Protein chains: 2
Amino acid sequence: MIRPPADVGTPADQIDTPALVVDLDVYEKNLDRMAGHVRGRPVRLRPHAKTHKCPVVALHQIARGAVGVCCQKVSEAEAMVYGGVRNVLVTNEIVGAPKLARLAALARQAEVGVCVDDAANVRQLDAAAAAFGVRLPVLVEINVGANRCGVEPGESAVALAREVAAAGHLRFAGLQAYQGRAQHIYDLAKRREAIEAAIDRVRETVTALGRAGLPCETVTGAGTGTYQFEAASGVYTELQAGSYPFMDADYRRVEGLEFENSLFVVATVMSRPTVDRAVVDAGLKALSVDAGMPTVHGRPDLEFQRAADEHGVVLVRPGGAAVRLGDRLFLVPGHCDPTVNLYDWYVGIRGGRVEALWPITARGALL
Amino acid sequence: MIRPPADVGTPADQIDTPALVVDLDVYEKNLDRMAGHVRGRPVRLRPHAKTHKCPVVALHQIARGAVGVCCQKVSEAEAMVYGGVRNVLVTNEIVGAPKLARLAALARQAEVGVCVDDAANVRQLDAAAAAFGVRLPVLVEINVGANRCGVEPGESAVALAREVAAAGHLRFAGLQAYQGRAQHIYDLAKRREAIEAAIDRVRETVTALGRAGLPCETVTGAGTGTYQFEAASGVYTELQAGSYPFMDADYRRVEGLEFENSLFVVATVMSRPTVDRAVVDAGLKALSVDAGMPTVHGRPDLEFQRAADEHGVVLVRPGGAAVRLGDRLFLVPGHCDPTVNLYDWYVGIRGGRVEALWPITARGALL
């Protein structure tokens, strides 16, 4: 029901604002760079679709070699499968009969895997899979330092893997081992240290599972901040990086990443009450501020100071250039994932005009 | 395209999660309480629709005496007018030809007012109104201490009001004077002090305008945190409170407010790795954390510690009751407005079952 802020062919400087704009050249370069990094290594790329929520982007990733995508929600997985993706891993625990039924039903349409960290949940999942006549690949999630979901590494994981292997409609497929809290450690050495600790836990668990006769076909994890370390580990088989096509202001602060910002919230100055203060038409409903305020692309003389529901207050730093009513600013959101989730359309630009409008099909897919 | 998480008649404990749930008894009590507060006073209520983004709620407010609603965006105003609201004030500056055309066109369908703080914008607005053959009521926005939009009080406001009055297709209708930064000052005396300062600036400007032969038919402002003060000022004629139907965790920390929480994000425990840690299925895409983490309604023994994209980590305080997989928690969002903007449906409950599903028509209305 939400109209797109432009049409294909619209000059880029006439896109209505606020709009979620993708610089297609930079975006494609980011996709190519990641594909090149993975090529020839014993790991596959399974990018996280929670970032982009868009089957168009997923298919671009798959065309460059990705084996499929990850999702966090069953409804995201439905949007991906119905949008043409043939292989989806839900990197999350799914609880409750309605969602379990939808997950099992979806596995009749495409290859669909899921994670567990609880024995009762394994039994519920098995019952749902039986009801739809499917055999679901299931990964045991282990806690590798993020202290979120997941059983502890080692024997707890082996015990749960045995439950999965014993379930008639499930197949033990390996380990989910994502260290989410390491992704945004800015310092390269400290980030590597956090991931080395995670890798030790994974290796210990894979060994224990092997001793128990439960080989891990898949060990999956990693994000845009750390994928180089997991790729080199020799134990991870899949990388789940999600933010690399777009990047954001916080990931740009992370040392040693080779991707560039392709995603912008384009905003218009709708008030300029003083020479050093401008107000743009993008606030909390146009940008997620959970990882800090956006930066202003190409304008280091401007500081996005604070956001209200529909206003962003921008300060001109001493000596900065003037800002006028109607000026357009390219804002780099602090955190791309929850920012994308505020929009219904990507506006893809190249050569100064709109080349693509991609619907964000899984926007708001919470169930 | 997003399915509702329940049907009318669904037992409340079977609503799929995360869901945006309204306790209809508490919601109606909040509406009645505000209507009662305004009744018999020389002020009218014009609630802010940026909070609820739903014509159903707007019509409930109007049925209890509100003169219409406010909006921040032209697209929000469109959603309200097309949903049956006859009187809308856009409490914001509107910049750019496409939006100005839509605003002027909408004024052919209903009473639509707008704010200005710039002389060039007055001329653009006049041209758009001329093109659609309408005469728009226009309020001059003044800065009463929030340092966001608005000209300075006094002579700057008079000069801009003269421009409005001289424009052939505009009508000078009064002042927009909203002190947004005062709303969440928790301490009652300090909050009153901030608003008294704002009221002084408004009174000075109204007097200067009167001397210039420009009487203010409308002086509008105020929010849920301060409306009592503006209502008693003798100078404000309209109150723009928005959050009072729902409230949120941050407004509950504001001393002296008589409204109760009616809005909840209902979430399910989808992982419980340790006795003192549970993970729910509601994170940054289900709750805005810009004003802090949600509280857990009726469970002071639980602390919502942190949010990731789709996960919320909940800690059991020492001595707290056990949390089990599948348990449902009623979360009170830190900030209601950007949280509502994440959902497509309100699920209204009463007597333990779903009584209403209201579409959030202006969700994502950024243009």
# chains A, B, ... in the order shown; residues from 1 in each chain; ligands from 1
>>> interface_residues(of="chain A", to="chain B", cutoff="6 Å", atoms="only C-alpha atoms", output="list in words")
Val95, Cys149, Met270, Ser271, Lys285 and Pro338 of chain A
>>> write_last_selection(atoms="N, CA, C and O atoms", output="PDB file, in the first residue's frame")
ATOM      1  N   VAL A  95       9.401 -21.853  17.799  1.00  0.00           N
ATOM      2  CA  VAL A  95       8.591 -22.346  18.918  1.00  0.00           C
ATOM      3  C   VAL A  95       7.119 -22.052  18.656  1.00  0.00           C
ATOM      4  O   VAL A  95       6.778 -20.975  18.164  1.00  0.00           O
ATOM      5  N   CYS A 149      21.133 -17.489  22.422  1.00  0.00           N
ATOM      6  CA  CYS A 149      20.567 -18.833  22.343  1.00  0.00           C
ATOM      7  C   CYS A 149      21.709 -19.853  22.307  1.00  0.00           C
ATOM      8  O   CYS A 149      22.882 -19.507  22.208  1.00  0.00           O
ATOM      9  N   MET A 270      14.203  20.216   5.364  1.00  0.00           N
ATOM     10  CA  MET A 270      12.863  20.822   5.329  1.00  0.00           C
ATOM     11  C   MET A 270      12.752  22.005   6.271  1.00  0.00           C
ATOM     12  O   MET A 270      11.693  22.645   6.332  1.00  0.00           O
ATOM     13  N   SER A 271      13.822  22.336   6.944  1.00  0.00           N
ATOM     14  CA  SER A 271      13.837  23.519   7.803  1.00  0.00           C
ATOM     15  C   SER A 271      15.296  23.874   8.023  1.00  0.00           C
ATOM     16  O   SER A 271      16.147  22.979   8.130  1.00  0.00           O
ATOM     17  N   LYS A 285      11.672   6.969  12.281  1.00  0.00           N
ATOM     18  CA  LYS A 285      10.884   6.055  11.459  1.00  0.00           C
ATOM     19  C   LYS A 285      11.513   5.859  10.081  1.00  0.00           C
ATOM     20  O   LYS A 285      10.988   5.120   9.254  1.00  0.00           O
ATOM     21  N   PRO A 338      17.789  -3.106  10.730  1.00  0.00           N
ATOM     22  CA  PRO A 338      16.499  -2.538  11.164  1.00  0.00           C
ATOM     23  C   PRO A 338      16.100  -1.300  10.367  1.00  0.00           C
ATOM     24  O   PRO A 338      14.916  -0.948  10.350  1.00  0.00           O
TER      25      PRO A 338
END
>>> select_by_dssp(residues="stretch 21-213 of chain A", states="strand (DSSP E or B)", output="VMD selection string")
chain A and resid 21 to 23 44 to 45 48 69 to 71 87 to 93 111 to 116 136 to 142 151 170 to 176
>>> write_last_selection(atoms="N, CA, C and O atoms", output="compact mmCIF listing (two decimals), in the first residue's frame")
# COMPACT_ATOMS: atom_id res chain seq x y z
N VAL A 21 17.93 4.17 -0.76
CA VAL A 21 18.57 4.17 -2.07
C VAL A 21 19.79 3.25 -2.06
O VAL A 21 20.57 3.27 -1.11
N VAL A 22 19.92 2.46 -3.11
CA VAL A 22 21.09 1.59 -3.27
C VAL A 22 21.88 2.06 -4.48
O VAL A 22 21.34 2.18 -5.58
N ASP A 23 23.16 2.34 -4.26
CA ASP A 23 24.08 2.65 -5.37
C ASP A 23 24.45 1.30 -6.00
O ASP A 23 25.23 0.52 -5.43
N ARG A 44 31.28 -22.37 1.94
CA ARG A 44 30.25 -21.84 1.05
C ARG A 44 29.66 -20.59 1.68
O ARG A 44 29.71 -20.41 2.91
N LEU A 45 29.09 -19.77 0.84
CA LEU A 45 28.45 -18.55 1.35
C LEU A 45 26.95 -18.79 1.42
O LEU A 45 26.34 -19.28 0.46
N HIS A 48 22.93 -13.85 5.01
CA HIS A 48 21.74 -13.69 5.85
C HIS A 48 20.76 -12.73 5.19
O HIS A 48 21.07 -11.58 4.94
N VAL A 69 20.20 -18.93 1.32
CA VAL A 69 20.27 -17.83 2.31
C VAL A 69 19.90 -18.36 3.69
O VAL A 69 19.38 -19.47 3.83
N CYS A 70 20.15 -17.54 4.70
CA CYS A 70 19.64 -17.74 6.05
C CYS A 70 18.49 -16.78 6.28
O CYS A 70 18.41 -15.71 5.66
N CYS A 71 17.62 -17.15 7.23
CA CYS A 71 16.56 -16.27 7.71
C CYS A 71 16.46 -16.42 9.23
O CYS A 71 16.96 -17.39 9.78
N ASN A 87 16.82 -22.81 -1.23
CA ASN A 87 17.54 -23.40 -0.09
C ASN A 87 17.65 -22.35 1.01
O ASN A 87 18.35 -21.35 0.85
N VAL A 88 16.96 -22.60 2.11
CA VAL A 88 16.90 -21.62 3.20
C VAL A 88 17.19 -22.31 4.52
O VAL A 88 16.63 -23.37 4.80
N LEU A 89 18.04 -21.69 5.31
CA LEU A 89 18.27 -22.16 6.67
C LEU A 89 17.72 -21.12 7.64
O LEU A 89 18.12 -19.95 7.58
N VAL A 90 16.81 -21.54 8.51
CA VAL A 90 16.34 -20.65 9.58
C VAL A 90 17.33 -20.79 10.72
O VAL A 90 17.38 -21.83 11.38
N THR A 91 18.13 -19.76 10.92
CA THR A 91 19.22 -19.82 11.91
C THR A 91 18.71 -19.44 13.28
O THR A 91 19.26 -18.57 13.96
N ASN A 92 17.63 -20.09 13.69
CA ASN A 92 16.94 -19.67 14.89
C ASN A 92 16.09 -20.84 15.39
O ASN A 92 15.79 -21.75 14.62
N GLU A 93 15.69 -20.76 16.65
CA GLU A 93 14.77 -21.73 17.21
C GLU A 93 13.34 -21.31 16.87
O GLU A 93 13.00 -20.13 16.97
N GLU A 111 14.30 -26.72 0.04
CA GLU A 111 15.17 -27.24 1.10
C GLU A 111 15.15 -26.23 2.26
O GLU A 111 15.55 -25.07 2.08
N VAL A 112 14.66 -26.66 3.43
CA VAL A 112 14.50 -25.74 4.57
C VAL A 112 15.08 -26.39 5.81
O VAL A 112 14.63 -27.47 6.22
N GLY A 113 16.08 -25.76 6.41
CA GLY A 113 16.66 -26.25 7.65
C GLY A 113 16.34 -25.34 8.81
O GLY A 113 15.86 -24.21 8.62
N VAL A 114 16.61 -25.82 10.02
CA VAL A 114 16.27 -25.04 11.22
C VAL A 114 17.23 -25.42 12.34
O VAL A 114 17.94 -26.42 12.25
N CYS A 115 17.25 -24.59 13.40
CA CYS A 115 18.14 -24.82 14.54
C CYS A 115 17.34 -25.19 15.80
O CYS A 115 16.18 -24.82 15.92
N VAL A 116 18.01 -25.87 16.71
CA VAL A 116 17.38 -26.21 18.00
C VAL A 116 18.39 -26.01 19.13
O VAL A 116 19.61 -26.07 18.91
N LEU A 136 13.33 -32.96 8.12
CA LEU A 136 13.98 -31.65 8.19
C LEU A 136 15.43 -31.77 8.61
O LEU A 136 15.75 -32.44 9.60
N PRO A 137 16.34 -31.10 7.88
CA PRO A 137 17.71 -30.98 8.40
C PRO A 137 17.73 -30.02 9.59
O PRO A 137 17.17 -28.93 9.52
N VAL A 138 18.36 -30.47 10.68
CA VAL A 138 18.35 -29.70 11.93
C VAL A 138 19.77 -29.51 12.43
O VAL A 138 20.54 -30.46 12.50
N LEU A 139 20.09 -28.26 12.77
CA LEU A 139 21.39 -27.95 13.33
C LEU A 139 21.24 -27.66 14.82
O LEU A 139 20.27 -27.01 15.23
N VAL A 140 22.18 -28.13 15.59
CA VAL A 140 22.19 -27.82 17.02
C VAL A 140 22.93 -26.49 17.19
O VAL A 140 24.06 -26.34 16.73
N GLU A 141 22.25 -25.53 17.81
CA GLU A 141 22.92 -24.24 18.05
C GLU A 141 23.73 -24.33 19.33
O GLU A 141 23.24 -24.76 20.37
N ILE A 142 24.99 -23.89 19.23
CA ILE A 142 25.83 -23.83 20.44
C ILE A 142 26.21 -22.38 20.74
O ILE A 142 26.30 -21.54 19.85
N VAL A 151 22.87 -24.27 23.25
CA VAL A 151 23.37 -25.07 24.36
C VAL A 151 24.87 -24.82 24.49
O VAL A 151 25.51 -24.26 23.58
N LEU A 170 13.54 -36.01 11.52
CA LEU A 170 14.60 -35.00 11.53
C LEU A 170 15.91 -35.67 11.12
O LEU A 170 16.07 -36.88 11.24
N ARG A 171 16.84 -34.82 10.68
CA ARG A 171 18.16 -35.31 10.30
C ARG A 171 19.17 -34.40 10.96
O ARG A 171 19.09 -33.17 10.79
N PHE A 172 20.11 -34.94 11.73
CA PHE A 172 21.13 -34.10 12.35
C PHE A 172 22.08 -33.61 11.26
O PHE A 172 22.72 -34.42 10.57
N ALA A 173 22.15 -32.29 11.07
CA ALA A 173 22.89 -31.75 9.94
C ALA A 173 24.13 -30.98 10.35
O ALA A 173 24.90 -30.55 9.49
N GLY A 174 24.33 -30.74 11.64
CA GLY A 174 25.55 -30.05 12.06
C GLY A 174 25.30 -29.00 13.12
O GLY A 174 24.37 -29.10 13.92
N LEU A 175 26.14 -27.96 13.10
CA LEU A 175 26.14 -26.96 14.17
C LEU A 175 25.88 -25.55 13.64
O LEU A 175 26.42 -25.15 12.60
N GLN A 176 25.07 -24.81 14.40
CA GLN A 176 24.94 -23.37 14.23
C GLN A 176 25.81 -22.73 15.31
O GLN A 176 25.60 -22.99 16.51
>>> select_by_dssp(residues="stretch 227-349 of chain B", states="alpha helix (DSSP H)", output="list in words")
Tyr227, Gln228, Phe229, Glu230, Ala231, Ala249, Asp250, Tyr251, Arg252, Cys336, Asp337, Pro338, Thr339 and Val340 of chain B
>>> write_last_selection(atoms="all heavy atoms", output="mmCIF file, in the first residue's frame")
data_model
loop_
_atom_site.group_PDB
_atom_site.id
_atom_site.type_symbol
_atom_site.label_atom_id
_atom_site.label_comp_id
_atom_site.auth_asym_id
_atom_site.auth_seq_id
_atom_site.Cartn_x
_atom_site.Cartn_y
_atom_site.Cartn_z
ATOM 1 N N TYR B 227 0.483 18.410 28.425
ATOM 2 C CA TYR B 227 -0.765 19.032 27.965
ATOM 3 C C TYR B 227 -1.527 19.765 29.069
ATOM 4 O O TYR B 227 -2.241 20.726 28.807
ATOM 5 C CB TYR B 227 -1.665 17.977 27.305
ATOM 6 C CG TYR B 227 -2.345 17.084 28.308
ATOM 7 C CD1 TYR B 227 -3.639 17.344 28.753
ATOM 8 C CD2 TYR B 227 -1.679 15.994 28.850
ATOM 9 C CE1 TYR B 227 -4.250 16.540 29.699
ATOM 10 C CE2 TYR B 227 -2.263 15.202 29.786
ATOM 11 C CZ TYR B 227 -3.547 15.471 30.216
ATOM 12 O OH TYR B 227 -4.131 14.684 31.161
ATOM 13 N N GLN B 228 -1.362 19.317 30.320
ATOM 14 C CA GLN B 228 -2.073 19.991 31.423
ATOM 15 C C GLN B 228 -1.659 21.458 31.525
ATOM 16 O O GLN B 228 -2.484 22.315 31.825
ATOM 17 C CB GLN B 228 -1.760 19.297 32.755
ATOM 18 C CG GLN B 228 -2.222 17.848 32.813
ATOM 19 C CD GLN B 228 -1.287 16.975 33.654
ATOM 20 O OE1 GLN B 228 -0.076 16.923 33.386
ATOM 21 N NE2 GLN B 228 -1.836 16.315 34.655
ATOM 22 N N PHE B 229 -0.378 21.715 31.287
ATOM 23 C CA PHE B 229 0.132 23.091 31.424
ATOM 24 C C PHE B 229 -0.349 23.961 30.271
ATOM 25 O O PHE B 229 -0.804 25.089 30.483
ATOM 26 C CB PHE B 229 1.661 23.097 31.510
ATOM 27 C CG PHE B 229 2.209 22.106 32.497
ATOM 28 C CD1 PHE B 229 3.247 21.251 32.141
ATOM 29 C CD2 PHE B 229 1.677 22.017 33.779
ATOM 30 C CE1 PHE B 229 3.747 20.335 33.047
ATOM 31 C CE2 PHE B 229 2.176 21.095 34.695
ATOM 32 C CZ PHE B 229 3.215 20.248 34.324
ATOM 33 N N GLU B 230 -0.237 23.472 29.053
ATOM 34 C CA GLU B 230 -0.717 24.250 27.906
ATOM 35 C C GLU B 230 -2.235 24.464 28.010
ATOM 36 O O GLU B 230 -2.746 25.541 27.674
ATOM 37 C CB GLU B 230 -0.378 23.558 26.573
ATOM 38 C CG GLU B 230 1.077 23.712 26.140
ATOM 39 C CD GLU B 230 1.929 22.522 26.550
ATOM 40 O OE1 GLU B 230 1.531 21.784 27.493
ATOM 41 O OE2 GLU B 230 3.004 22.324 25.935
ATOM 42 N N ALA B 231 -2.952 23.433 28.474
ATOM 43 C CA ALA B 231 -4.418 23.572 28.592
ATOM 44 C C ALA B 231 -4.786 24.700 29.549
ATOM 45 O O ALA B 231 -5.787 25.393 29.358
ATOM 46 C CB ALA B 231 -5.030 22.253 29.068
ATOM 47 N N ALA B 249 6.907 2.696 28.017
ATOM 48 C CA ALA B 249 7.729 2.556 29.225
ATOM 49 C C ALA B 249 8.342 3.891 29.619
ATOM 50 O O ALA B 249 8.433 4.217 30.807
ATOM 51 C CB ALA B 249 8.819 1.506 28.993
ATOM 52 N N ASP B 250 8.740 4.713 28.641
ATOM 53 C CA ASP B 250 9.368 5.974 29.001
ATOM 54 C C ASP B 250 8.337 6.970 29.553
ATOM 55 O O ASP B 250 8.603 7.658 30.534
ATOM 56 C CB ASP B 250 10.130 6.574 27.813
ATOM 57 C CG ASP B 250 11.142 7.603 28.298
ATOM 58 O OD1 ASP B 250 11.929 7.266 29.203
ATOM 59 O OD2 ASP B 250 11.124 8.744 27.818
ATOM 60 N N TYR B 251 7.183 7.050 28.954
ATOM 61 C CA TYR B 251 6.147 7.960 29.481
ATOM 62 C C TYR B 251 5.689 7.541 30.885
ATOM 63 O O TYR B 251 5.249 8.383 31.673
ATOM 64 C CB TYR B 251 4.954 8.047 28.523
ATOM 65 C CG TYR B 251 4.961 9.311 27.672
ATOM 66 C CD1 TYR B 251 4.817 9.251 26.286
ATOM 67 C CD2 TYR B 251 5.114 10.571 28.251
ATOM 68 C CE1 TYR B 251 4.828 10.402 25.505
ATOM 69 C CE2 TYR B 251 5.128 11.719 27.474
ATOM 70 C CZ TYR B 251 4.984 11.631 26.114
ATOM 71 O OH TYR B 251 5.003 12.776 25.354
ATOM 72 N N ARG B 252 5.785 6.239 31.200
ATOM 73 C CA ARG B 252 5.408 5.810 32.552
ATOM 74 C C ARG B 252 6.405 6.318 33.590
ATOM 75 O O ARG B 252 6.096 6.360 34.783
ATOM 76 C CB ARG B 252 5.317 4.286 32.620
ATOM 77 C CG ARG B 252 4.112 3.730 31.898
ATOM 78 C CD ARG B 252 2.804 4.104 32.556
ATOM 79 N NE ARG B 252 2.610 3.352 33.788
ATOM 80 C CZ ARG B 252 1.527 3.410 34.531
ATOM 81 N NH1 ARG B 252 0.528 4.207 34.197
ATOM 82 N NH2 ARG B 252 1.432 2.684 35.616
ATOM 83 N N CYS B 336 6.421 4.342 22.079
ATOM 84 C CA CYS B 336 5.303 3.742 21.331
ATOM 85 C C CYS B 336 5.326 4.094 19.842
ATOM 86 O O CYS B 336 5.100 3.228 18.992
ATOM 87 C CB CYS B 336 3.958 4.093 21.967
ATOM 88 S SG CYS B 336 3.580 5.832 22.191
ATOM 89 N N ASP B 337 5.607 5.354 19.477
ATOM 90 C CA ASP B 337 5.443 5.771 18.077
ATOM 91 C C ASP B 337 6.269 4.940 17.098
ATOM 92 O O ASP B 337 5.717 4.349 16.161
ATOM 93 C CB ASP B 337 5.780 7.255 17.894
ATOM 94 C CG ASP B 337 5.003 8.184 18.813
ATOM 95 O OD1 ASP B 337 5.004 7.928 20.036
ATOM 96 O OD2 ASP B 337 4.428 9.157 18.334
ATOM 97 N N PRO B 338 7.597 4.871 17.249
ATOM 98 C CA PRO B 338 8.355 4.079 16.266
ATOM 99 C C PRO B 338 8.112 2.581 16.405
ATOM 100 O O PRO B 338 8.372 1.839 15.446
ATOM 101 C CB PRO B 338 9.821 4.442 16.552
ATOM 102 C CG PRO B 338 9.833 5.081 17.887
ATOM 103 C CD PRO B 338 8.469 5.626 18.159
ATOM 104 N N THR B 339 7.607 2.128 17.540
ATOM 105 C CA THR B 339 7.262 0.704 17.663
ATOM 106 C C THR B 339 6.026 0.394 16.832
ATOM 107 O O THR B 339 6.001 -0.578 16.061
ATOM 108 C CB THR B 339 7.044 0.337 19.142
ATOM 109 O OG1 THR B 339 8.267 0.539 19.852
ATOM 110 C CG2 THR B 339 6.598 -1.110 19.301
ATOM 111 N N VAL B 340 4.988 1.229 16.961
ATOM 112 C CA VAL B 340 3.775 1.028 16.154
ATOM 113 C C VAL B 340 4.130 0.963 14.669
ATOM 114 O O VAL B 340 3.589 0.143 13.919
ATOM 115 C CB VAL B 340 2.763 2.160 16.425
ATOM 116 C CG1 VAL B 340 1.658 2.192 15.373
ATOM 117 C CG2 VAL B 340 2.178 2.014 17.826
#
>>> residues_around(residues="A:Val26", least_positions_apart="3", cutoff="12 Å", atoms="only C-alpha atoms", output="PyMOL selection string")
chain A and resi 21-23+29-33+244-247+258-264+348-351
>>> closest_residue(among="B:Gly320, B:Gly256, B:Gly36, B:Gly234", to="B:Leu188", atoms="only C-alpha atoms")
B:Gly256
>>> atom_distance(atom1="atom CA of A:Trp345", atom2="atom CA of B:Leu20")
23.2 Å
>>> atom_distance(atom1="atom CA of B:Arg192", atom2="atom CA of B:Arg253")
15.6 Å
>>> closest_residue(among="A:Pro55, A:Gly68, A:Gly40, A:Gly334", to="A:Gly83", atoms="only C-alpha atoms")
A:Pro55
>>> residues_around(residues="B:Thr207", least_positions_apart="3", cutoff="12 Å", atoms="only C-alpha atoms", output="ChimeraX atom specification")
/B:153-155,157-158,174-175,200-204,210-216,235
>>> write_last_selection(atoms="N, CA, C and O atoms", output="short mmCIF file (atom, residue, chain, number, x, y, z; two decimals), in the first residue's frame")
data_model
loop_
_atom_site.label_atom_id
_atom_site.label_comp_id
_atom_site.auth_asym_id
_atom_site.auth_seq_id
_atom_site.Cartn_x
_atom_site.Cartn_y
_atom_site.Cartn_z
N PRO B 153 10.58 33.32 18.28
CA PRO B 153 9.35 34.02 18.69
C PRO B 153 9.50 35.53 18.46
O PRO B 153 10.60 36.04 18.23
N GLY B 154 8.36 36.23 18.50
CA GLY B 154 8.40 37.69 18.39
C GLY B 154 8.45 38.15 16.95
O GLY B 154 7.74 37.64 16.09
N GLU B 155 9.33 39.12 16.67
CA GLU B 155 9.30 39.81 15.38
C GLU B 155 9.56 38.91 14.17
O GLU B 155 9.00 39.13 13.10
N ALA B 157 8.57 35.91 13.82
CA ALA B 157 7.28 35.25 13.55
C ALA B 157 6.30 36.22 12.90
O ALA B 157 5.56 35.84 11.98
N VAL B 158 6.32 37.46 13.34
CA VAL B 158 5.41 38.46 12.76
C VAL B 158 5.76 38.66 11.27
O VAL B 158 4.87 38.70 10.42
N GLY B 174 -2.49 31.06 12.57
CA GLY B 174 -2.01 31.07 13.96
C GLY B 174 -0.62 30.49 14.10
O GLY B 174 0.20 30.57 13.18
N LEU B 175 -0.37 29.91 15.27
CA LEU B 175 0.99 29.46 15.63
C LEU B 175 1.04 27.98 15.95
O LEU B 175 0.16 27.44 16.63
N ASP B 200 5.54 31.63 27.77
CA ASP B 200 5.93 33.04 27.73
C ASP B 200 6.28 33.47 26.30
O ASP B 200 5.89 34.55 25.85
N ARG B 201 7.01 32.61 25.60
CA ARG B 201 7.39 32.94 24.22
C ARG B 201 6.16 32.99 23.32
O ARG B 201 6.09 33.83 22.41
N VAL B 202 5.23 32.08 23.54
CA VAL B 202 4.01 32.07 22.74
C VAL B 202 3.21 33.35 23.00
O VAL B 202 2.77 34.03 22.06
N ARG B 203 3.06 33.69 24.28
CA ARG B 203 2.24 34.85 24.65
C ARG B 203 2.82 36.13 24.04
O ARG B 203 2.11 36.95 23.46
N GLU B 204 4.14 36.26 24.13
CA GLU B 204 4.83 37.42 23.56
C GLU B 204 4.59 37.50 22.05
O GLU B 204 4.34 38.58 21.49
N GLY B 210 -0.89 40.40 17.31
CA GLY B 210 -2.11 41.19 17.48
C GLY B 210 -1.86 42.66 17.19
O GLY B 210 -2.65 43.32 16.49
N ARG B 211 -0.73 43.17 17.67
CA ARG B 211 -0.36 44.57 17.41
C ARG B 211 -0.20 44.81 15.92
O ARG B 211 -0.46 45.90 15.42
N ALA B 212 0.26 43.76 15.20
CA ALA B 212 0.47 43.89 13.75
C ALA B 212 -0.81 43.62 12.96
O ALA B 212 -0.77 43.55 11.72
N GLY B 213 -1.92 43.44 13.65
CA GLY B 213 -3.18 43.19 12.95
C GLY B 213 -3.31 41.78 12.43
O GLY B 213 -4.03 41.53 11.45
N LEU B 214 -2.61 40.86 13.07
CA LEU B 214 -2.64 39.45 12.64
C LEU B 214 -3.09 38.57 13.80
O LEU B 214 -2.26 37.93 14.47
N PRO B 215 -4.37 38.51 14.07
CA PRO B 215 -4.83 37.73 15.22
C PRO B 215 -4.62 36.23 15.01
O PRO B 215 -4.69 35.75 13.87
N CYS B 216 -4.34 35.52 16.11
CA CYS B 216 -4.12 34.07 16.05
C CYS B 216 -5.42 33.35 16.35
O CYS B 216 -5.83 33.28 17.51
N VAL B 235 -3.61 30.61 26.54
CA VAL B 235 -3.13 31.08 25.24
C VAL B 235 -3.17 29.97 24.17
O VAL B 235 -3.46 30.23 23.01
#
>>> atom_distance(atom1="atom CA of B:Gln240", atom2="atom CA of B:Gly65")
13.4 Å
